[in-house]
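Student: So here's entry21.cif, just mmCIF, C-alpha atoms:
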data_input
#
loop_
_atom_site.label_atom_id
_atom_site.label_comp_id
_atom_site.auth_asym_id
_atom_site.auth_seq_id
_atom_site.Cartn_x
_atom_site.Cartn_y
_atom_site.Cartn_z
CA MET B 1 14.55 1.99 -8.26
CA THR B 2 13.08 -0.50 -10.67
CA SER B 3 13.68 1.86 -13.57
CA HIS B 4 17.45 1.95 -13.09
CA ASN B 5 18.06 -1.64 -14.24
CA ASP B 6 16.83 -1.93 -17.79
CA GLN B 7 16.86 -5.71 -18.17
CA PRO B 8 13.57 -7.48 -17.32
CA SER B 9 13.85 -10.40 -14.92
CA PRO B 10 11.33 -13.07 -16.01
CA MET B 11 10.56 -16.03 -13.74
CA THR B 12 8.34 -19.11 -13.97
CA PHE B 13 6.37 -20.39 -10.98
CA THR B 14 5.30 -24.04 -11.16
CA ALA B 15 2.97 -26.39 -9.26
CA ALA B 16 4.01 -26.62 -5.62
CA PRO B 17 3.81 -29.42 -3.06
CA ALA B 18 1.91 -28.71 0.16
CA LEU B 19 3.24 -25.52 1.74
CA SER B 20 4.24 -25.59 5.41
CA GLY B 21 6.16 -23.60 7.95
CA SER B 22 6.10 -20.24 9.70
CA VAL B 23 7.16 -17.05 7.96
CA ALA B 24 7.14 -13.31 8.58
CA VAL B 25 6.38 -10.76 5.89
CA PRO B 26 8.12 -7.40 5.54
CA GLY B 27 7.02 -4.44 7.62
CA ASP B 28 3.82 -2.61 6.73
CA LYS B 29 4.48 -0.23 3.84
CA SER B 30 1.92 2.40 4.90
CA ILE B 31 3.24 2.52 8.48
CA SER B 32 6.88 2.50 7.32
CA HIS B 33 6.38 5.57 5.10
CA ARG B 34 4.56 7.48 7.83
CA SER B 35 7.04 6.54 10.58
CA LEU B 36 9.91 8.05 8.57
CA MET B 37 7.99 11.22 7.71
CA LEU B 38 6.69 11.94 11.20
CA SER B 39 10.01 11.03 12.86
CA ALA B 40 11.68 13.52 10.51
CA LEU B 41 9.28 16.23 11.80
CA ALA B 42 9.82 15.47 15.49
CA VAL B 43 12.59 17.17 17.46
CA GLY B 44 14.94 14.53 18.87
CA GLU B 45 15.69 10.90 18.00
CA SER B 46 13.03 8.38 16.98
CA ARG B 47 13.77 4.65 16.59
CA VAL B 48 11.96 2.44 14.08
CA GLU B 49 12.20 -1.37 14.15
CA GLY B 50 10.84 -3.65 11.44
CA LEU B 51 10.86 -0.94 8.75
CA LEU B 52 10.06 -2.24 5.28
CA GLU B 53 13.34 -1.86 3.40
CA GLY B 54 11.75 -1.96 -0.03
CA GLU B 55 12.48 0.60 -2.72
CA ASP B 56 9.31 2.64 -2.10
CA VAL B 57 10.12 3.25 1.57
CA LEU B 58 13.80 3.90 0.81
CA ALA B 59 12.61 6.63 -1.59
CA THR B 60 10.80 8.26 1.34
CA ALA B 61 13.93 7.99 3.52
CA ALA B 62 16.07 9.58 0.80
CA ALA B 63 13.57 12.44 0.38
CA MET B 64 13.45 13.19 4.11
CA ARG B 65 17.27 13.19 4.20
CA ALA B 66 17.29 15.60 1.27
CA MET B 67 15.03 17.93 3.31
CA GLY B 68 17.26 17.93 6.38
CA ALA B 69 16.52 14.88 8.54
CA ASP B 70 19.40 12.74 9.80
CA ILE B 71 18.41 9.12 9.06
CA GLN B 72 20.72 6.19 9.86
CA ARG B 73 20.28 2.40 9.93
CA ASP B 74 22.31 0.40 12.43
CA GLU B 75 23.67 -3.14 11.98
CA ASP B 76 20.68 -4.63 13.81
CA GLY B 77 18.27 -3.14 11.27
CA VAL B 78 17.00 -0.43 13.62
CA TRP B 79 16.52 2.97 12.00
CA HIS B 80 17.46 6.13 13.94
CA ILE B 81 15.88 9.40 12.79
CA HIS B 82 16.82 12.83 14.13
CA GLY B 83 14.07 15.18 13.03
CA VAL B 84 14.08 18.84 12.06
CA GLY B 85 10.80 19.81 13.76
CA VAL B 86 7.48 20.79 12.17
CA GLY B 87 8.21 23.75 9.89
CA GLY B 88 11.88 22.88 9.73
CA LEU B 89 12.11 21.11 6.37
CA LEU B 90 14.96 22.43 4.22
CA GLN B 91 15.06 23.19 0.52
CA PRO B 92 16.13 19.96 -1.32
CA GLN B 93 19.12 20.55 -3.59
CA GLU B 94 17.98 18.21 -6.34
CA ALA B 95 14.84 16.46 -7.60
CA LEU B 96 13.23 13.94 -5.22
CA ASP B 97 13.22 10.54 -6.97
CA MET B 98 10.07 8.70 -5.92
CA GLY B 99 10.78 5.57 -7.99
CA ASN B 100 7.49 3.64 -8.15
CA SER B 101 6.00 5.03 -4.94
CA GLY B 102 2.67 6.82 -5.21
CA THR B 103 2.43 6.95 -1.41
CA SER B 104 5.78 8.73 -1.06
CA THR B 105 4.83 11.22 -3.74
CA ARG B 106 1.38 12.18 -2.51
CA LEU B 107 2.22 12.29 1.20
CA LEU B 108 5.45 14.24 0.70
CA MET B 109 3.59 16.76 -1.46
CA GLY B 110 1.36 17.30 1.58
CA LEU B 111 4.38 17.91 3.80
CA VAL B 112 5.98 20.37 1.36
CA ALA B 113 2.68 22.23 0.83
CA SER B 114 2.96 24.13 4.14
CA HIS B 115 6.72 24.82 4.03
CA ALA B 116 8.37 27.72 2.19
CA ILE B 117 10.36 25.42 -0.08
CA THR B 118 10.24 24.29 -3.70
CA ALA B 119 10.59 20.60 -4.58
CA THR B 120 10.58 18.67 -7.85
CA PHE B 121 9.18 15.12 -7.83
CA VAL B 122 10.25 12.56 -10.45
CA GLY B 123 9.41 8.86 -10.75
CA ASP B 124 9.72 5.76 -12.88
CA ALA B 125 7.69 5.05 -16.03
CA SER B 126 4.79 3.53 -14.06
CA LEU B 127 4.54 6.32 -11.47
CA SER B 128 4.85 8.98 -14.17
CA LYS B 129 1.58 7.72 -15.68
CA ARG B 130 -0.38 8.13 -12.44
CA PRO B 131 -2.57 11.24 -12.08
CA MET B 132 -1.75 13.60 -9.22
CA ALA B 133 -4.71 16.01 -9.55
CA ARG B 134 -6.51 14.44 -6.58
CA VAL B 135 -3.70 15.82 -4.39
CA THR B 136 -2.66 18.96 -6.26
CA GLU B 137 -6.26 20.24 -6.23
CA PRO B 138 -6.74 20.33 -2.42
CA LEU B 139 -3.11 21.35 -1.78
CA SER B 140 -3.54 24.30 -4.16
CA ARG B 141 -6.30 25.48 -1.81
CA VAL B 142 -3.87 25.64 1.12
CA GLY B 143 -1.68 27.93 -0.99
CA ALA B 144 0.81 25.59 -2.68
CA SER B 145 1.51 26.13 -6.39
CA PHE B 146 2.28 23.42 -8.96
CA THR B 147 3.86 23.02 -12.37
CA THR B 148 2.94 19.55 -13.62
CA SER B 149 3.52 17.47 -16.72
CA PRO B 150 0.49 17.06 -19.04
CA GLY B 151 -2.41 15.28 -17.32
CA ASP B 152 -1.29 16.42 -13.84
CA ARG B 153 1.49 13.86 -13.87
CA LEU B 154 5.16 13.66 -12.86
CA PRO B 155 7.67 15.21 -13.27
CA LEU B 156 6.09 17.90 -11.10
CA THR B 157 7.48 20.95 -9.32
CA MET B 158 5.69 22.49 -6.35
CA THR B 159 6.26 25.49 -4.10
CA GLY B 160 4.81 25.39 -0.63
CA ALA B 161 3.05 28.23 1.20
CA CYS B 162 4.09 29.50 4.60
CA PRO B 163 1.84 30.36 6.27
CA ALA B 164 -0.53 27.97 4.52
CA VAL B 165 -4.32 28.27 4.71
CA PRO B 166 -6.14 25.65 6.83
CA LEU B 167 -8.41 23.46 4.73
CA ASP B 168 -11.91 22.14 5.39
CA TYR B 169 -12.21 19.32 2.85
CA THR B 170 -14.65 16.52 2.09
CA LEU B 171 -12.94 13.67 0.24
CA PRO B 172 -14.57 13.16 -3.19
CA VAL B 173 -13.02 9.67 -3.48
CA ALA B 174 -12.03 7.24 -0.73
CA SER B 175 -8.26 7.77 -0.60
CA ALA B 176 -6.00 7.42 2.42
CA GLN B 177 -3.25 9.14 0.43
CA VAL B 178 -5.30 12.29 -0.20
CA LYS B 179 -6.51 12.36 3.42
CA SER B 180 -2.97 11.95 4.69
CA ALA B 181 -1.54 14.60 2.37
CA ILE B 182 -4.05 17.16 3.68
CA LEU B 183 -3.39 16.24 7.33
CA LEU B 184 0.38 16.43 6.82
CA ALA B 185 -0.02 19.86 5.23
CA GLY B 186 -2.09 20.84 8.26
CA LEU B 187 0.74 20.08 10.68
CA ASN B 188 2.55 23.33 9.81
CA THR B 189 -0.61 25.38 9.10
CA PRO B 190 -2.03 27.78 11.70
CA GLY B 191 -5.59 26.96 12.73
CA ILE B 192 -7.72 23.84 12.31
CA THR B 193 -7.49 21.49 9.33
CA ARG B 194 -10.64 19.39 8.88
CA VAL B 195 -11.09 16.34 6.64
CA VAL B 196 -14.50 14.71 6.17
CA GLU B 197 -14.28 11.09 5.05
CA PRO B 198 -17.66 9.67 3.88
CA ILE B 199 -16.13 6.20 3.31
CA PRO B 200 -13.48 5.17 5.88
CA THR B 201 -9.98 4.39 4.57
CA ARG B 202 -6.88 3.11 6.33
CA ASP B 203 -6.29 5.19 9.45
CA HIS B 204 -2.55 4.77 10.04
CA SER B 205 -1.94 8.52 9.64
CA GLU B 206 -4.44 9.42 12.35
CA ARG B 207 -3.14 6.77 14.76
CA MET B 208 0.49 7.76 14.23
CA LEU B 209 -0.10 11.52 14.34
CA LYS B 210 -1.77 11.03 17.73
CA GLY B 211 1.11 8.82 18.85
CA PHE B 212 3.61 11.56 17.98
CA GLY B 213 1.61 14.06 20.04
CA ALA B 214 -0.41 15.94 17.43
CA ASP B 215 -3.70 17.46 18.61
CA LEU B 216 -6.00 15.33 16.44
CA ASP B 217 -9.59 14.26 16.95
CA VAL B 218 -11.73 11.75 15.04
CA GLU B 219 -15.52 11.93 15.27
CA VAL B 220 -17.52 9.06 13.75
CA GLN B 221 -21.08 9.93 12.77
CA ALA B 222 -24.05 7.56 12.77
CA ASP B 223 -23.71 6.86 9.04
CA GLY B 224 -20.01 5.96 9.39
CA THR B 225 -18.68 9.30 8.11
CA ARG B 226 -15.43 10.23 9.86
CA ILE B 227 -14.63 13.87 10.65
CA ILE B 228 -10.92 14.37 11.38
CA THR B 229 -9.75 17.65 12.90
CA LEU B 230 -6.08 18.57 13.37
CA LYS B 231 -4.75 21.59 15.23
CA GLY B 232 -1.89 23.10 13.26
CA GLU B 233 1.60 24.26 14.23
CA ALA B 234 2.02 20.96 16.05
CA GLU B 235 5.01 19.95 18.12
CA LEU B 236 5.78 16.30 17.49
CA LYS B 237 7.64 14.24 20.07
CA PRO B 238 10.06 11.47 19.02
CA GLN B 239 8.80 7.89 19.28
CA ASN B 240 10.00 4.29 19.33
CA ILE B 241 8.03 2.45 16.64
CA VAL B 242 7.76 -1.27 15.94
CA VAL B 243 6.32 -1.76 12.45
CA PRO B 244 3.97 -4.79 12.15
CA GLY B 245 4.03 -7.09 9.13
CA ASP B 246 2.24 -5.72 6.07
CA PRO B 247 -1.23 -7.28 5.58
CA SER B 248 -0.98 -6.45 1.86
CA SER B 249 2.18 -8.58 1.63
CA ALA B 250 0.73 -11.33 3.88
CA ALA B 251 -2.06 -11.63 1.28
CA PHE B 252 0.20 -13.58 -1.10
CA PRO B 253 1.36 -16.45 1.18
CA MET B 254 -2.17 -16.47 2.68
CA VAL B 255 -3.86 -17.12 -0.68
CA ALA B 256 -1.11 -19.56 -1.71
CA ALA B 257 -1.68 -21.60 1.47
CA LEU B 258 -5.45 -21.67 0.86
CA LEU B 259 -5.04 -22.85 -2.75
CA VAL B 260 -2.17 -25.38 -2.65
CA PRO B 261 -3.70 -28.68 -1.46
CA GLY B 262 -2.53 -29.96 1.93
CA SER B 263 -0.93 -26.68 3.00
CA GLN B 264 -0.80 -25.19 6.48
CA VAL B 265 1.20 -21.99 6.96
CA THR B 266 1.66 -19.58 9.87
CA ILE B 267 2.29 -15.93 8.98
CA ALA B 268 3.66 -14.19 12.07
CA ASN B 269 3.26 -10.61 13.28
CA VAL B 270 0.71 -9.35 10.74
CA GLY B 271 -0.96 -5.96 11.20
CA LEU B 272 -4.71 -6.48 11.65
CA ASN B 273 -5.97 -2.89 11.53
CA ALA B 274 -9.69 -3.10 10.72
CA THR B 275 -9.26 -0.60 7.86
CA ARG B 276 -6.88 -3.07 6.19
CA ALA B 277 -8.36 -6.48 7.04
CA GLY B 278 -10.93 -6.75 4.26
CA LEU B 279 -9.16 -9.62 2.47
CA ILE B 280 -9.17 -11.85 5.56
CA ASP B 281 -12.92 -11.30 5.93
CA LEU B 282 -13.48 -11.98 2.22
CA LEU B 283 -11.44 -15.20 2.16
CA ARG B 284 -13.24 -16.46 5.25
CA GLU B 285 -16.59 -15.77 3.57
CA MET B 286 -15.35 -17.84 0.61
CA GLY B 287 -14.70 -20.75 2.99
CA GLY B 288 -11.03 -20.16 3.73
CA SER B 289 -9.64 -21.41 7.05
CA ILE B 290 -7.74 -18.46 8.56
CA GLU B 291 -7.25 -18.47 12.32
CA ILE B 292 -5.85 -15.49 14.23
CA ILE B 293 -3.70 -16.45 17.21
CA ASN B 294 -1.58 -14.45 19.66
CA ALA B 295 -3.61 -11.26 19.04
CA ARG B 296 -1.96 -8.25 20.64
CA ASP B 297 -1.51 -4.49 20.38
CA VAL B 298 1.81 -3.02 19.23
CA GLY B 299 2.23 0.75 19.24
CA GLY B 300 -1.47 1.42 18.83
CA GLU B 301 -1.90 -1.09 15.99
CA PRO B 302 -3.61 -4.52 16.39
CA VAL B 303 -1.28 -7.39 15.45
CA GLY B 304 -1.62 -11.19 15.34
CA ASP B 305 -0.34 -14.41 13.78
CA LEU B 306 -2.38 -16.02 10.99
CA VAL B 307 -2.69 -19.81 10.70
CA VAL B 308 -3.89 -20.58 7.17
CA THR B 309 -5.03 -24.07 6.09
CA ALA B 310 -5.78 -25.17 2.53
CA SER B 311 -9.52 -24.88 1.89
CA ALA B 312 -12.12 -25.33 -0.84
CA LEU B 313 -13.28 -21.83 -1.74
CA ASN B 314 -16.67 -20.69 -3.05
CA GLY B 315 -17.47 -17.80 -5.36
CA VAL B 316 -18.38 -14.49 -3.76
CA GLU B 317 -19.96 -11.14 -4.58
CA PRO B 318 -18.51 -8.73 -1.99
CA ASP B 319 -20.11 -5.43 -1.04
CA PRO B 320 -18.44 -2.63 -3.07
CA ALA B 321 -18.24 -0.60 0.16
CA ARG B 322 -15.53 -3.01 1.31
CA ALA B 323 -13.14 -1.80 -1.40
CA PRO B 324 -11.05 0.65 0.67
CA SER B 325 -10.24 -2.01 3.31
CA MET B 326 -8.58 -4.27 0.71
CA ILE B 327 -7.88 -2.06 -2.30
CA ASP B 328 -4.33 -3.41 -2.74
CA GLU B 329 -5.39 -7.02 -2.21
CA TYR B 330 -7.89 -7.32 -5.07
CA PRO B 331 -5.38 -8.72 -7.61
CA VAL B 332 -4.61 -11.75 -5.40
CA ALA B 333 -8.31 -11.98 -4.40
CA PHE B 334 -9.05 -12.38 -8.14
CA VAL B 335 -6.59 -15.31 -8.19
CA ALA B 336 -8.40 -16.92 -5.23
CA ALA B 337 -11.70 -16.46 -7.09
CA ALA B 338 -10.21 -18.13 -10.18
CA PHE B 339 -9.92 -21.41 -8.18
CA ALA B 340 -13.26 -21.13 -6.35
CA HIS B 341 -16.42 -23.16 -6.91
CA GLY B 342 -18.77 -20.93 -8.88
CA ARG B 343 -18.73 -17.34 -10.07
CA SER B 344 -17.34 -14.28 -8.30
CA ILE B 345 -18.46 -10.74 -9.10
CA PHE B 346 -16.35 -7.79 -7.94
CA ARG B 347 -17.72 -4.25 -8.35
CA GLY B 348 -16.98 -0.74 -7.12
CA LEU B 349 -13.30 -0.98 -8.02
CA ASP B 350 -12.84 2.18 -10.12
CA GLU B 351 -9.80 3.01 -7.96
CA LEU B 352 -7.95 -0.03 -9.40
CA ARG B 353 -7.84 1.67 -12.80
CA VAL B 354 -5.35 4.25 -11.51
CA LYS B 355 -2.97 2.16 -9.36
CA GLU B 356 0.56 1.14 -10.45
CA SER B 357 -1.20 -0.24 -13.53
CA ASP B 358 -4.86 -0.46 -14.57
CA ARG B 359 -5.23 -3.46 -12.28
CA ILE B 360 -8.65 -4.51 -13.61
CA ALA B 361 -7.50 -4.66 -17.24
CA THR B 362 -4.06 -6.10 -16.43
CA MET B 363 -5.50 -8.86 -14.22
CA ALA B 364 -8.28 -9.69 -16.71
CA THR B 365 -5.77 -10.08 -19.55
CA GLY B 366 -3.40 -12.18 -17.45
CA LEU B 367 -6.14 -14.42 -16.04
CA ARG B 368 -7.40 -15.16 -19.57
CA ALA B 369 -3.83 -16.02 -20.59
CA ILE B 370 -3.63 -18.76 -17.92
CA GLY B 371 -7.04 -20.26 -18.71
CA VAL B 372 -9.59 -18.34 -16.61
CA THR B 373 -12.98 -17.26 -17.99
CA VAL B 374 -13.24 -13.55 -17.18
CA GLU B 375 -15.56 -10.69 -18.04
CA GLU B 376 -14.17 -7.21 -17.47
CA LEU B 377 -16.63 -4.60 -16.15
CA GLU B 378 -16.18 -0.85 -16.11
CA ASP B 379 -15.83 -0.89 -12.31
CA GLY B 380 -14.85 -4.50 -11.70
CA ILE B 381 -14.61 -8.06 -12.98
CA ILE B 382 -16.59 -11.33 -13.18
CA ILE B 383 -14.53 -14.50 -12.69
CA GLU B 384 -15.68 -18.08 -13.33
CA GLY B 385 -13.90 -20.35 -10.83
CA SER B 386 -12.21 -23.64 -11.70
CA ALA B 387 -13.84 -25.49 -8.76
CA GLY B 388 -10.43 -26.15 -7.26
CA GLN B 389 -8.92 -27.65 -10.42
CA PRO B 390 -5.44 -26.48 -11.48
CA LEU B 391 -5.44 -23.92 -14.28
CA PRO B 392 -3.46 -24.60 -17.48
CA GLY B 393 -0.96 -21.79 -16.85
CA GLY B 394 0.98 -19.91 -19.48
CA GLY B 395 2.54 -16.53 -20.04
CA PRO B 396 4.68 -14.56 -20.05
CA ILE B 397 2.19 -12.42 -18.12
CA ALA B 398 2.50 -8.69 -18.83
CA THR B 399 2.69 -7.19 -15.33
CA LYS B 400 3.01 -3.54 -16.50
CA LEU B 401 5.74 -2.91 -13.89
CA ASP B 402 3.20 -3.61 -11.12
CA HIS B 403 4.54 -5.50 -8.10
CA ARG B 404 1.16 -6.80 -6.94
CA ILE B 405 0.27 -8.14 -10.39
CA ALA B 406 3.60 -10.01 -10.52
CA MET B 407 3.12 -11.61 -7.09
CA SER B 408 -0.53 -12.49 -7.76
CA PHE B 409 0.35 -14.47 -10.88
CA ALA B 410 3.28 -16.09 -9.07
CA VAL B 411 0.71 -17.48 -6.60
CA ALA B 412 -1.44 -18.69 -9.53
CA GLY B 413 1.58 -20.53 -10.90
CA LEU B 414 1.80 -22.63 -7.72
CA VAL B 415 -1.57 -24.24 -8.61
CA SER B 416 -1.16 -24.51 -12.39
CA ARG B 417 -0.55 -27.51 -14.66
CA ASP B 418 2.21 -26.01 -16.81
CA GLY B 419 3.47 -23.12 -14.68
CA VAL B 420 2.98 -19.38 -15.02
CA THR B 421 5.75 -17.16 -16.38
CA ILE B 422 5.97 -13.57 -15.12
CA ASP B 423 7.51 -11.13 -17.61
CA ASP B 424 9.44 -9.15 -14.99
CA MET B 425 9.87 -9.76 -11.25
CA ARG B 426 11.96 -6.61 -10.61
CA PRO B 427 9.03 -4.45 -9.44
CA VAL B 428 8.46 -6.84 -6.49
CA ALA B 429 11.45 -5.17 -4.81
CA THR B 430 9.34 -2.04 -4.26
CA SER B 431 7.28 -3.70 -1.53
CA PHE B 432 8.39 -7.32 -0.90
CA PRO B 433 12.09 -7.85 -1.64
CA THR B 434 12.06 -11.28 0.12
CA PHE B 435 9.04 -12.66 -1.80
CA THR B 436 10.71 -15.55 -3.66
CA THR B 437 12.83 -16.43 -0.61
CA LEU B 438 9.66 -16.68 1.48
CA LEU B 439 8.07 -19.04 -1.06
CA GLN B 440 11.22 -21.18 -0.95
CA THR B 441 10.99 -21.31 2.86
CA LEU B 442 7.46 -22.69 2.57
CA GLY B 443 8.58 -25.31 0.04
CA ALA B 444 7.00 -23.75 -3.05
CA ILE B 445 10.19 -23.30 -5.08
CA ALA B 446 12.74 -26.07 -5.33
#
Would you write the structure of this file as structure tokens?

Tutor:
Amino acid sequence: MTSHNDQPSPMTFTAAPALSGSVAVPGDKSISHRSLMLSALAVGESRVEGLLEGEDVLATAAAMRAMGADIQRDEDGVWHIHGVGVGGLLQPQEALDMGNSGTSTRLLMGLVASHAITATFVGDASLSKRPMARVTEPLSRVGASFTTSPGDRLPLTMTGACPAVPLDYTLPVASAQVKSAILLAGLNTPGITRVVEPIPTRDHSERMLKGFGADLDVEVQADGTRIITLKGEAELKPQNIVVPGDPSSAAFPMVAALLVPGSQVTIANVGLNATRAGLIDLLREMGGSIEIINARDVGGEPVGDLVVTASALNGVEPDPARAPSMIDEYPVAFVAAAFAHGRSIFRGLDELRVKESDRIATMATGLRAIGVTVEELEDGIIIEGSAGQPLPGGGPIATKLDHRIAMSFAVAGLVSRDGVTIDDMRPVATSFPTFTTLLQTLGAIA
């Protein structure tokens, strides 16, 4: 995990020539986590190709092994998972180390909540600052009990309930992690678990639960509210899964190709799930040339190749309701806005305050440091664009151990006069271990 190597790894990213070539980004992080968890609950062998082998997902794999699943990776990079069956999770013998992964933590807490086991969750310095009450509160209602560190933070010990109580829950905030934790708890709970989602969030859990054979239904009401019902005590059947490229990782080469003059880049095999595609829509509205070719369906998920051509961008004021469809992409969207013609105003982003870092404050501070005029709002940010002119650059940028902050400012460095120095690139390994190699492939780093 990033916390185990104590020496920061600074790096400077400098002005790049036109980017060109075709690249693939690592497998989707959300789908990778869920494929390991659900495979571990199916009886028999599941195969997963294209798994993101970043530290966050490896933390999930280690946790599922600790609770009884047999998980192996072959020489071809295919993962083979022999599951224990729903209800079959075993008592872990030591604390589950989540590293930097909020997704692992919150979803695994959901799994444990309806099993008669006790588990302790620990994480790195960044994860240990993140509040867990949004998950512990609903999971307490199913019967799980928690002992948390002050502020409902990690380290945290929980004891599951078996039988658990089925929950009927309306999400108070738009959170795919909370939704997924409740649904995963519902797998081993007798009766019907029901989640009402007023604002849609990424739906990978629902798609994959159905794919594994769970009795799950989604009803969409006229106002867009989604009502998800899951019949408990499910029997999951093993699957062969091909994980598409992560749209949140594709965001970085996509914005780089739009900003570096003369660039044209193809990003292959990107997941295009509508609940995740908000950044593509936003960049197109700003004037970005992004063409989707070879659109196809892989394992119930829409996939395509993106052809991105350097474009003059215009300022934008996106609808706050779009936030859930691109919540992880806002940092690099802020970088795109910094080079646009005119002002961009982003609102409705309260959720960014409680990610790996306070992403509004961290981005505002870093953007100012490289020459951007920024006004920080309580729920967002106002950015004055440079009208396509290179920014001065500077640094070192304090990334606060946040992988997406580090990669966003690396992209900014490619269109700067003097380069942008990142204080620590180690956290990038949590989600995109091949990030700098990919930039080299495109010609950005000599």

Student: Could you check the closest approach to Val43 in chain B for each of B:His82, B:Arg65, B:Arg141, B:Arg417 and tell me which residue wins, using only C-alpha atoms?

Tutor: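 Closest candidate: B:His82.
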
Student: Can you list every residue of range 153-186 of chain B that has an atom at most 12 Å from range 20-31 of chain B, with its nearest atom pair and the distance in Å to one decimal, using all atoms listed in the file, ordered by chain then number, as CSV?

Tutor:
residue,atom,partner,partner_atom,distance
B:Ala176,CA,B:Ser30,CA,9.7
B:Gln177,CA,B:Ser30,CA,9.6
B:Ser180,CA,B:Ser30,CA,10.7

Student: Identify the residues around (-6.6, -11.2, -9.3) within a radius of 12 Å, measuring from all atoms listed in the file in the coordinates stated by the file, and give them as a ChimeraX atom specification.

Tutor: /B:251-252,255,327-339,344-346,352,359-368,370,372,374,376,380-383,385,399,404-412

Student: Sort by chain and increasing residue number a table of all residues of range 319-416 of chain B within 10 Å of range 200-204 of chain B, each with its closest pair of atoms and their distance in Å to one decimal, counting only C-alpha atoms, and write it as a Markdown table.

Tutor:
| residue | atom | partner | partner_atom | distance |
| --- | --- | --- | --- | --- |
| B:Ala321 | CA | B:Pro200 | CA | 9.4 |
| B:Arg322 | CA | B:Pro200 | CA | 9.6 |
| B:Ala323 | CA | B:Thr201 | CA | 9.2 |
| B:Pro324 | CA | B:Thr201 | CA | 5.5 |
| B:Ser325 | CA | B:Thr201 | CA | 6.5 |
| B:Met326 | CA | B:Arg202 | CA | 9.4 |
| B:Ile327 | CA | B:Thr201 | CA | 9.7 |

Student: Around all listed atoms of range 271-274 of chain B, padded 4 Å per side, what centre and edge lengths does the axis-aligned box have in Å to one decimal, as JSON?

Tutor:
{"center_x": -5.3, "center_y": -4.7, "center_z": 11.2, "size_x": 16.7, "size_y": 11.6, "size_z": 8.9}

Student: Which residues, named as in the file, does the PyMOL selection byres ((chain B and resi 19) around 12) pick out? Answer as number ranges by chain.

Tutor: B: 15-18, 20-23, 253-266, 308-310, 411, 414-415, 438-446

Student: Between B:Ala119, B:Leu183, B:Ala174, B:Leu108, which residue has the minimum interatomic distance to Asp350 in chain B, considering all atoms listed in the file?

Tutor: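 Among B:Ala119, B:Leu183, B:Ala174, B:Leu108, it is B:Ala174 that comes nearest to Asp350 in chain B.
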
Student: If you measure from CA of Ala66 in chain B to CA of Arg47 in chain B, what distance in Å do you get, rounded to one decimal?

Tutor: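 Here the two named atoms are 19.2 Å from each other.
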
Student: Fewer than 5 positions away in the same chain doesn't count, so skip those; otherwise give me all residues within 12 Å of Val165 in chain B, counting all atoms listed in the file, as a list in words.

Tutor: Ala113, Ser114, His115, Pro138, Leu139, Ser140, Arg141, Val142, Gly143, Ala144, Gly160, Ile182, Ala185, Gly186, Leu187, Asn188, Thr189, Pro190, Gly191, Ile192, Thr193, Arg194, Gly232 and Glu233 of chain B

Student: Given the file above and the PyMOL selection byres ((chain B and resi 420) around 8), which residues are selected, and can you give them as a PDB file with C-alpha atoms, in the coordinates of the input?

Tutor:
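Resulting contents of expr.pdb:
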ATOM      1  CA  THR B  12       8.340 -19.110 -13.970  1.00  0.00           C
ATOM      2  CA  PHE B  13       6.370 -20.390 -10.980  1.00  0.00           C
ATOM      3  CA  THR B  14       5.300 -24.040 -11.160  1.00  0.00           C
ATOM      4  CA  ILE B 370      -3.630 -18.760 -17.920  1.00  0.00           C
ATOM      5  CA  GLY B 393      -0.960 -21.790 -16.850  1.00  0.00           C
ATOM      6  CA  GLY B 394       0.980 -19.910 -19.480  1.00  0.00           C
ATOM      7  CA  GLY B 395       2.540 -16.530 -20.040  1.00  0.00           C
ATOM      8  CA  PRO B 396       4.680 -14.560 -20.050  1.00  0.00           C
ATOM      9  CA  ILE B 397       2.190 -12.420 -18.120  1.00  0.00           C
ATOM     10  CA  PHE B 409       0.350 -14.470 -10.880  1.00  0.00           C
ATOM     11  CA  ALA B 410       3.280 -16.090  -9.070  1.00  0.00           C
ATOM     12  CA  ALA B 412      -1.440 -18.690  -9.530  1.00  0.00           C
ATOM     13  CA  GLY B 413       1.580 -20.530 -10.900  1.00  0.00           C
ATOM     14  CA  SER B 416      -1.160 -24.510 -12.390  1.00  0.00           C
ATOM     15  CA  ASP B 418       2.210 -26.010 -16.810  1.00  0.00           C
ATOM     16  CA  GLY B 419       3.470 -23.120 -14.680  1.00  0.00           C
ATOM     17  CA  THR B 421       5.750 -17.160 -16.380  1.00  0.00           C
ATOM     18  CA  ILE B 422       5.970 -13.570 -15.120  1.00  0.00           C
TER      19      ILE B 422
END

Student: Neighbours of Ala40 in chain B within 9 Å (only C-alpha atoms; same-chain residues fewer than 6 positions away dropped), as a list of chain:residue names?

Tutor: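 These residues fall inside the cut-off: B:Ser46, B:Met64, B:Arg65, B:Gly68, B:Ala69, B:Asp70, B:Ile71, B:Ile81, B:His82, B:Gly83, B:Val84, B:Gly85, B:Val86, B:Leu89, B:Pro238.
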
Student: Using all atoms listed in the file, can you list as a list in words the residues within 10 Å of (-4.6, 12.2, 18.5)?

Tutor: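 Protein, DNA and RNA residues close to (-4.6, 12.2, 18.5): Ser205, Glu206, Arg207, Met208, Leu209, Lys210, Gly211, Phe212, Gly213, Ala214, Asp215, Leu216, Asp217, Val218, Ile228, Thr229, Leu230 and Lys231 of chain B.
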
Student: Run the PyMOL selection byres ((chain B and resi 98-107) around 6) mentally over the shown coordinates, then write out the matched residues as an NGL selection string, using the chain letters and numbers from the document.

Tutor: :B and (1 or 56 or 59-60 or 97 or 108-110 or 122-124 or 127 or 181)

Student: Return the single residue from B:Val112, B:Val57, B:Leu391, B:Met11 that is closest to His33 in chain B, with distances computed using all atoms listed in the file.

Tutor: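 Among the listed residues, the smallest separation from His33 in chain B belongs to B:Val57.
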